[in-house]
$ cat my_file_7.cif   # mmCIF, C-alpha atoms
data_target
loop_
_atom_site.label_atom_id
_atom_site.label_comp_id
_atom_site.auth_asym_id
_atom_site.auth_seq_id
_atom_site.Cartn_x
_atom_site.Cartn_y
_atom_site.Cartn_z
CA MET A 1 -36.80 21.94 15.04
CA SER A 2 -39.65 20.08 13.37
CA GLN A 3 -39.92 22.91 10.80
CA VAL A 4 -36.27 22.37 9.89
CA LEU A 5 -36.82 18.61 9.49
CA ASP A 6 -39.92 19.24 7.37
CA TYR A 7 -37.96 21.69 5.21
CA ILE A 8 -35.15 19.13 4.75
CA LYS A 9 -37.61 16.35 3.89
CA GLU A 10 -39.47 18.65 1.47
CA GLY A 11 -36.21 19.70 -0.15
CA LYS A 12 -35.14 16.08 -0.51
CA SER A 13 -38.42 15.11 -2.15
CA GLN A 14 -38.12 18.09 -4.52
CA VAL A 15 -34.63 16.91 -5.51
CA GLU A 16 -35.95 13.39 -6.07
CA ASP A 17 -38.82 14.81 -8.16
CA MET A 18 -36.35 16.82 -10.27
CA HIS A 19 -34.25 13.70 -10.77
CA LEU A 20 -37.30 11.75 -11.95
CA LEU A 21 -38.35 14.64 -14.20
CA ASP A 22 -34.87 14.81 -15.76
CA LYS A 23 -34.86 11.05 -16.22
CA GLY A 24 -38.25 11.21 -17.97
CA LYS A 25 -37.08 14.03 -20.26
CA ARG A 26 -34.00 12.02 -21.25
CA LYS A 27 -36.16 8.97 -22.02
CA LEU A 28 -38.43 11.08 -24.25
CA GLY A 29 -35.44 12.67 -25.96
CA LEU A 30 -36.26 16.15 -24.64
CA LYS A 31 -33.00 16.39 -22.74
CA LYS A 32 -29.61 15.02 -23.73
CA GLU A 33 -27.77 12.74 -21.36
CA GLU A 34 -24.68 14.25 -19.86
CA PRO A 35 -21.70 12.03 -20.68
CA LYS A 36 -19.83 10.50 -17.76
CA LEU A 37 -16.14 11.20 -17.60
CA ILE A 38 -15.39 7.74 -16.22
CA ASP A 39 -17.80 4.83 -16.20
CA THR A 40 -17.06 3.30 -12.82
CA ASP A 41 -19.81 0.71 -13.00
CA ASN A 42 -18.32 -1.27 -15.87
CA LEU A 43 -14.78 -2.43 -16.47
CA CYS A 44 -15.12 -2.15 -20.23
CA PRO A 45 -18.40 -0.36 -21.02
CA SER A 46 -18.15 -1.02 -24.76
CA LEU A 47 -18.19 -4.82 -24.30
CA THR A 48 -21.35 -6.78 -25.07
CA TRP A 49 -22.68 -9.29 -22.54
CA LYS A 50 -21.34 -12.11 -24.68
CA GLN A 51 -17.86 -10.55 -24.63
CA ARG A 52 -18.12 -10.03 -20.87
CA ALA A 53 -19.06 -13.68 -20.41
CA ILE A 54 -16.09 -14.72 -22.54
CA GLY A 55 -13.77 -12.48 -20.48
CA PHE A 56 -15.19 -13.93 -17.27
CA GLY A 57 -14.77 -17.50 -18.56
CA CYS A 58 -11.21 -16.86 -19.72
CA CYS A 59 -10.23 -15.39 -16.34
CA ILE A 60 -11.77 -18.34 -14.52
CA ALA A 61 -9.91 -20.75 -16.83
CA VAL A 62 -6.62 -18.91 -16.18
CA SER A 63 -7.37 -19.01 -12.45
CA VAL A 64 -7.92 -22.77 -12.52
CA CYS A 65 -4.72 -23.32 -14.54
CA ILE A 66 -2.67 -21.21 -12.12
CA ASN A 67 -4.11 -23.13 -9.18
CA ILE A 68 -3.29 -26.48 -10.82
CA VAL A 69 0.30 -25.30 -11.37
CA SER A 70 0.45 -24.16 -7.75
CA TRP A 71 -0.48 -27.64 -6.49
CA ILE A 72 2.17 -29.15 -8.77
CA LEU A 73 4.68 -26.73 -7.21
CA LEU A 74 3.56 -27.84 -3.74
CA THR A 75 4.17 -31.51 -4.52
CA SER A 76 7.67 -30.65 -5.75
CA GLY A 77 8.48 -28.81 -2.49
CA GLU A 78 8.37 -25.27 -3.88
CA TYR A 79 6.40 -23.74 -1.01
CA VAL A 80 7.01 -20.09 -1.89
CA GLY A 81 6.04 -20.74 -5.53
CA PHE A 82 2.97 -22.63 -4.35
CA ALA A 83 1.80 -19.91 -1.98
CA VAL A 84 2.33 -17.08 -4.44
CA SER A 85 0.82 -18.85 -7.47
CA TYR A 86 -2.12 -20.24 -5.47
CA SER A 87 -2.92 -16.78 -4.11
CA ILE A 88 -2.55 -15.18 -7.55
CA GLY A 89 -4.87 -17.81 -9.00
CA ASN A 90 -7.51 -16.98 -6.42
CA ILE A 91 -7.10 -13.25 -7.06
CA VAL A 92 -7.56 -13.82 -10.81
CA GLY A 93 -10.74 -15.75 -9.97
CA ILE A 94 -12.12 -12.81 -7.98
CA VAL A 95 -11.02 -10.33 -10.67
CA SER A 96 -12.97 -12.33 -13.26
CA THR A 97 -16.21 -11.10 -11.72
CA LEU A 98 -15.24 -7.53 -12.63
CA PHE A 99 -16.19 -8.37 -16.21
CA LEU A 100 -19.73 -9.10 -15.08
CA SER A 101 -20.44 -6.39 -12.52
CA GLY A 102 -17.72 -3.74 -12.74
CA PRO A 103 -15.09 -2.82 -10.15
CA VAL A 104 -17.07 -0.40 -7.99
CA LYS A 105 -20.14 -2.63 -7.79
CA GLN A 106 -17.95 -5.68 -7.07
CA ILE A 107 -16.04 -3.98 -4.24
CA LYS A 108 -19.30 -2.72 -2.71
CA SER A 109 -20.74 -6.21 -3.02
CA MET A 110 -17.68 -7.82 -1.42
CA PHE A 111 -18.03 -5.65 1.66
CA LYS A 112 -21.79 -5.95 2.15
CA GLU A 113 -22.86 -7.07 5.61
CA THR A 114 -23.49 -10.65 4.46
CA ARG A 115 -20.04 -11.03 2.89
CA ILE A 116 -17.67 -8.84 4.87
CA ILE A 117 -16.51 -11.61 7.22
CA ALA A 118 -15.86 -14.05 4.36
CA THR A 119 -14.10 -11.33 2.36
CA CYS A 120 -11.85 -10.33 5.27
CA LEU A 121 -11.06 -13.96 6.10
CA PHE A 122 -10.22 -14.68 2.46
CA LEU A 123 -7.94 -11.64 2.16
CA GLY A 124 -6.36 -12.37 5.55
CA PHE A 125 -5.60 -16.00 4.68
CA LEU A 126 -4.35 -14.93 1.26
CA VAL A 127 -1.75 -12.70 2.93
CA ALA A 128 -1.05 -15.33 5.61
CA THR A 129 -0.39 -18.00 2.97
CA ILE A 130 2.26 -15.84 1.32
CA VAL A 131 3.76 -14.72 4.66
CA CYS A 132 4.04 -18.33 5.89
CA ALA A 133 5.75 -19.42 2.70
CA ILE A 134 8.22 -16.56 2.62
CA PHE A 135 9.05 -15.77 6.24
CA ILE A 136 8.79 -19.04 8.17
CA PRO A 137 12.02 -21.09 8.15
CA LYS A 138 12.09 -23.89 5.57
CA CYS A 139 12.03 -26.66 8.16
CA CYS A 140 8.70 -25.46 9.61
CA LYS A 141 6.82 -23.83 6.72
CA VAL A 142 5.01 -26.81 5.15
CA LEU A 143 2.15 -27.24 7.61
CA PRO A 144 1.34 -23.54 8.22
CA THR A 145 1.48 -22.75 4.49
CA ILE A 146 -0.83 -25.63 3.59
CA LEU A 147 -3.22 -24.82 6.46
CA CYS A 148 -3.42 -21.17 5.39
CA ALA A 149 -4.01 -22.21 1.76
CA ILE A 150 -6.82 -24.56 2.84
CA CYS A 151 -8.37 -21.82 5.00
CA GLN A 152 -8.05 -19.42 2.06
CA TYR A 153 -9.91 -21.92 -0.13
CA VAL A 154 -12.65 -22.48 2.46
CA ALA A 155 -13.10 -18.70 2.91
CA LEU A 156 -13.32 -18.30 -0.89
CA ILE A 157 -15.99 -21.01 -1.10
CA TRP A 158 -17.93 -19.43 1.78
CA TYR A 159 -17.68 -16.06 0.02
CA GLY A 160 -18.95 -17.60 -3.24
CA LEU A 161 -21.84 -19.32 -1.46
CA SER A 162 -23.03 -15.93 -0.20
CA TYR A 163 -24.17 -15.13 -3.75
CA ILE A 164 -26.46 -18.18 -3.92
CA PRO A 165 -29.71 -17.78 -1.98
CA PHE A 166 -29.89 -20.11 1.03
CA ALA A 167 -26.64 -21.88 0.05
CA ARG A 168 -24.91 -21.09 3.33
CA THR A 169 -27.93 -22.29 5.28
CA ALA A 170 -27.95 -25.56 3.31
CA VAL A 171 -24.23 -26.12 3.89
CA LYS A 172 -24.61 -25.41 7.61
CA SER A 173 -27.50 -27.88 7.80
CA CYS A 174 -25.47 -30.56 6.01
CA PHE A 175 -22.52 -30.15 8.35
CA LYS A 176 -24.82 -30.08 11.37
CA GLY A 177 -26.37 -33.35 10.18
CA VAL A 178 -22.96 -34.96 9.65
CA VAL A 179 -21.63 -33.82 13.03
CA THR A 180 -24.71 -34.97 14.97
CA SER A 181 -24.72 -38.39 13.28
CA VAL A 182 -21.10 -39.08 14.27
#
$ encode --input "my_file_7.cif" --output "structure tokens"
Amino acid sequence: MSQVLDYIKEGKSQVEDMHLLDKGKRKLGLKKEEPKLIDTDNLCPSLTWKQRAIGFGCCIAVSVCINIVSWILLTSGEYVGFAVSYSIGNIVGIVSTLFLSGPVKQIKSMFKETRIIATCLFLGFLVATIVCAIFIPKCCKVLPTILCAICQYVALIWYGLSYIPFARTAVKSCFKGVVTSV
């Protein structure tokens, strides 16, 4: 059995060595790079970083505008319009990051161990916000829709904080300090 494991390990290291050798040959121009059929790491591979930043900024701006409109709809009593536009605004905000990292990398990042709970809560409350606004009778939908929207917002903030080192720890410490002083 140990011979089999040694053979597998040796084969793996040989594959890794070949990969490094091929990479070195490509860097030196001795071997041409094989073109990818689809570049899954970047949304628009031909964009410069400046163009990506502009795309990201534009999507964030659109997201903020949609969310402002959604709160205006809420104050006018349009709960379905509020829930749908608020959720779409948050989705556009998440989609904006695709300009920076690419779809595959973003999805993998969203479901890393440190973010999976926040991601699932955000997506769950996003769906719950829309469901409350559409399926709960008009007389009872205000409170659940607003609560789900607030929870959606909190989950989105918690998700965003996961990208900043020690941000979640700092927020927890602040809330712990506030709660213990009351």
$ resolve_selection --input "my_file_7.cif" --expression "the PyMOL selection byres ((chain A and resi 115-123) around 6)" --output "list in words"
Met110, Phe111, Lys112, Glu113, Thr114, Gly124, Phe125, Leu126, Gln152, Ala155, Leu156 and Tyr159 of chain A
$ axis_aligned_box --input "my_file_7.cif" --around "range 61-74 of chain A" --padding-each-side "3 Å" --output "lines of an AutoDock Vina configuration file"
center_x = -2.6
center_y = -24.0
center_z = -10.3
size_x = 20.6
size_y = 16.2
size_z = 19.1
$ resolve_selection --input "my_file_7.cif" --expression "the PyMOL selection byres ((chain A and resi 128-138) around 10)" --output "ChimeraX atom specification"
/A:78-87,122-127,139-152
$ write_last_selection --input "my_file_7.cif" --atoms "C-alpha atoms" --output "PDB file, in the frame of the given file"
ATOM      1  CA  GLU A  78       8.370 -25.270  -3.880  1.00  0.00           C
ATOM      2  CA  TYR A  79       6.400 -23.740  -1.010  1.00  0.00           C
ATOM      3  CA  VAL A  80       7.010 -20.090  -1.890  1.00  0.00           C
ATOM      4  CA  GLY A  81       6.040 -20.740  -5.530  1.00  0.00           C
ATOM      5  CA  PHE A  82       2.970 -22.630  -4.350  1.00  0.00           C
ATOM      6  CA  ALA A  83       1.800 -19.910  -1.980  1.00  0.00           C
ATOM      7  CA  VAL A  84       2.330 -17.080  -4.440  1.00  0.00           C
ATOM      8  CA  SER A  85       0.820 -18.850  -7.470  1.00  0.00           C
ATOM      9  CA  TYR A  86      -2.120 -20.240  -5.470  1.00  0.00           C
ATOM     10  CA  SER A  87      -2.920 -16.780  -4.110  1.00  0.00           C
ATOM     11  CA  PHE A 122     -10.220 -14.680   2.460  1.00  0.00           C
ATOM     12  CA  LEU A 123      -7.940 -11.640   2.160  1.00  0.00           C
ATOM     13  CA  GLY A 124      -6.360 -12.370   5.550  1.00  0.00           C
ATOM     14  CA  PHE A 125      -5.600 -16.000   4.680  1.00  0.00           C
ATOM     15  CA  LEU A 126      -4.350 -14.930   1.260  1.00  0.00           C
ATOM     16  CA  VAL A 127      -1.750 -12.700   2.930  1.00  0.00           C
ATOM     17  CA  CYS A 139      12.030 -26.660   8.160  1.00  0.00           C
ATOM     18  CA  CYS A 140       8.700 -25.460   9.610  1.00  0.00           C
ATOM     19  CA  LYS A 141       6.820 -23.830   6.720  1.00  0.00           C
ATOM     20  CA  VAL A 142       5.010 -26.810   5.150  1.00  0.00           C
ATOM     21  CA  LEU A 143       2.150 -27.240   7.610  1.00  0.00           C
ATOM     22  CA  PRO A 144       1.340 -23.540   8.220  1.00  0.00           C
ATOM     23  CA  THR A 145       1.480 -22.750   4.490  1.00  0.00           C
ATOM     24  CA  ILE A 146      -0.830 -25.630   3.590  1.00  0.00           C
ATOM     25  CA  LEU A 147      -3.220 -24.820   6.460  1.00  0.00           C
ATOM     26  CA  CYS A 148      -3.420 -21.170   5.390  1.00  0.00           C
ATOM     27  CA  ALA A 149      -4.010 -22.210   1.760  1.00  0.00           C
ATOM     28  CA  ILE A 150      -6.820 -24.560   2.840  1.00  0.00           C
ATOM     29  CA  CYS A 151      -8.370 -21.820   5.000  1.00  0.00           C
ATOM     30  CA  GLN A 152      -8.050 -19.420   2.060  1.00  0.00           C
TER      31      GLN A 152
END
$ residues_around --input "my_file_7.cif" --residues "Gln106 in chain A" --least-positions-apart "5" --cutoff "8 Å" --atoms "only C-alpha atoms" --output "mmCIF file with C-alpha atoms, in the coordinates of the input"
data_model
loop_
_atom_site.group_PDB
_atom_site.id
_atom_site.type_symbol
_atom_site.label_atom_id
_atom_site.label_comp_id
_atom_site.auth_asym_id
_atom_site.auth_seq_id
_atom_site.Cartn_x
_atom_site.Cartn_y
_atom_site.Cartn_z
ATOM 1 C CA THR A 97 -16.210 -11.100 -11.720
ATOM 2 C CA LEU A 98 -15.240 -7.530 -12.630
ATOM 3 C CA SER A 101 -20.440 -6.390 -12.520
#
$ atom_distance --input "my_file_7.cif" --atom1 "CA of Val92 in chain A" --atom2 "CA of Ile66 in chain A"
9.0 Å
$ atom_distance --input "my_file_7.cif" --atom1 "CA of Val104 in chain A" --atom2 "CA of Trp158 in chain A"
21.4 Å
$ atom_distance --input "my_file_7.cif" --atom1 "CA of Asn67 in chain A" --atom2 "CA of Gly160 in chain A"
16.9 Å
$ closest_residue --input "my_file_7.cif" --among "A:Ser109, A:Gln51, A:Ser63, A:Ser70" --to "Ile91 in chain A" --atoms "only C-alpha atoms"
A:Ser63
$ closest_residue --input "my_file_7.cif" --among "A:Leu100, A:Ile107, A:Leu74, A:Ala61" --to "Pro45 in chain A" --atoms "only C-alpha atoms"
A:Leu100
$ build_atoms --input "my_file_7.cif" --residues "range 97-116 of chain A" --atoms "N, CA and C atoms" --output "mmCIF file, in the frame of the given file"
data_model
loop_
_atom_site.group_PDB
_atom_site.id
_atom_site.type_symbol
_atom_site.label_atom_id
_atom_site.label_comp_id
_atom_site.auth_asym_id
_atom_site.auth_seq_id
_atom_site.Cartn_x
_atom_site.Cartn_y
_atom_site.Cartn_z
ATOM 1 N N THR A 97 -14.850 -11.613 -11.908
ATOM 2 C CA THR A 97 -16.210 -11.100 -11.720
ATOM 3 C C THR A 97 -16.324 -9.622 -12.087
ATOM 4 N N LEU A 98 -15.195 -8.935 -12.213
ATOM 5 C CA LEU A 98 -15.240 -7.530 -12.630
ATOM 6 C C LEU A 98 -15.801 -7.390 -14.038
ATOM 7 N N PHE A 99 -15.621 -8.411 -14.866
ATOM 8 C CA PHE A 99 -16.190 -8.370 -16.210
ATOM 9 C C PHE A 99 -17.713 -8.340 -16.147
ATOM 10 N N LEU A 100 -18.278 -8.988 -15.157
ATOM 11 C CA LEU A 100 -19.730 -9.100 -15.080
ATOM 12 C C LEU A 100 -20.375 -7.902 -14.387
ATOM 13 N N SER A 101 -19.777 -7.435 -13.303
ATOM 14 C CA SER A 101 -20.440 -6.390 -12.520
ATOM 15 C C SER A 101 -19.740 -5.038 -12.524
ATOM 16 N N GLY A 102 -18.465 -4.992 -12.819
ATOM 17 C CA GLY A 102 -17.720 -3.740 -12.740
ATOM 18 C C GLY A 102 -17.009 -3.622 -11.409
ATOM 19 N N PRO A 103 -15.911 -2.871 -11.367
ATOM 20 C CA PRO A 103 -15.090 -2.820 -10.150
ATOM 21 C C PRO A 103 -15.778 -2.192 -8.945
ATOM 22 N N VAL A 104 -16.461 -1.075 -9.138
ATOM 23 C CA VAL A 104 -17.070 -0.400 -7.990
ATOM 24 C C VAL A 104 -18.184 -1.259 -7.402
ATOM 25 N N LYS A 105 -19.033 -1.789 -8.257
ATOM 26 C CA LYS A 105 -20.140 -2.630 -7.790
ATOM 27 C C LYS A 105 -19.608 -3.890 -7.107
ATOM 28 N N GLN A 106 -18.528 -4.471 -7.653
ATOM 29 C CA GLN A 106 -17.950 -5.680 -7.070
ATOM 30 C C GLN A 106 -17.373 -5.411 -5.685
ATOM 31 N N ILE A 107 -16.639 -4.318 -5.544
ATOM 32 C CA ILE A 107 -16.040 -3.980 -4.240
ATOM 33 C C ILE A 107 -17.155 -3.721 -3.218
ATOM 34 N N LYS A 108 -18.177 -2.972 -3.630
ATOM 35 C CA LYS A 108 -19.300 -2.720 -2.710
ATOM 36 C C LYS A 108 -19.959 -4.041 -2.320
ATOM 37 N N SER A 109 -20.116 -4.924 -3.280
ATOM 38 C CA SER A 109 -20.740 -6.210 -3.020
ATOM 39 C C SER A 109 -19.892 -7.065 -2.080
ATOM 40 N N MET A 110 -18.581 -7.019 -2.262
ATOM 41 C CA MET A 110 -17.680 -7.820 -1.420
ATOM 42 C C MET A 110 -17.759 -7.409 0.048
ATOM 43 N N PHE A 111 -18.032 -6.131 0.290
ATOM 44 C CA PHE A 111 -18.030 -5.650 1.660
ATOM 45 C C PHE A 111 -19.428 -5.377 2.204
ATOM 46 N N LYS A 112 -20.449 -6.003 1.581
ATOM 47 C CA LYS A 112 -21.790 -5.950 2.150
ATOM 48 C C LYS A 112 -21.797 -6.736 3.459
ATOM 49 N N GLU A 113 -22.786 -6.457 4.273
ATOM 50 C CA GLU A 113 -22.860 -7.070 5.610
ATOM 51 C C GLU A 113 -22.821 -8.598 5.549
ATOM 52 N N THR A 114 -23.439 -9.189 4.536
ATOM 53 C CA THR A 114 -23.490 -10.650 4.460
ATOM 54 C C THR A 114 -22.170 -11.273 4.022
ATOM 55 N N ARG A 115 -21.278 -10.478 3.425
ATOM 56 C CA ARG A 115 -20.040 -11.030 2.890
ATOM 57 C C ARG A 115 -18.769 -10.499 3.542
ATOM 58 N N ILE A 116 -18.872 -9.508 4.376
ATOM 59 C CA ILE A 116 -17.670 -8.840 4.870
ATOM 60 C C ILE A 116 -16.765 -9.786 5.653
#
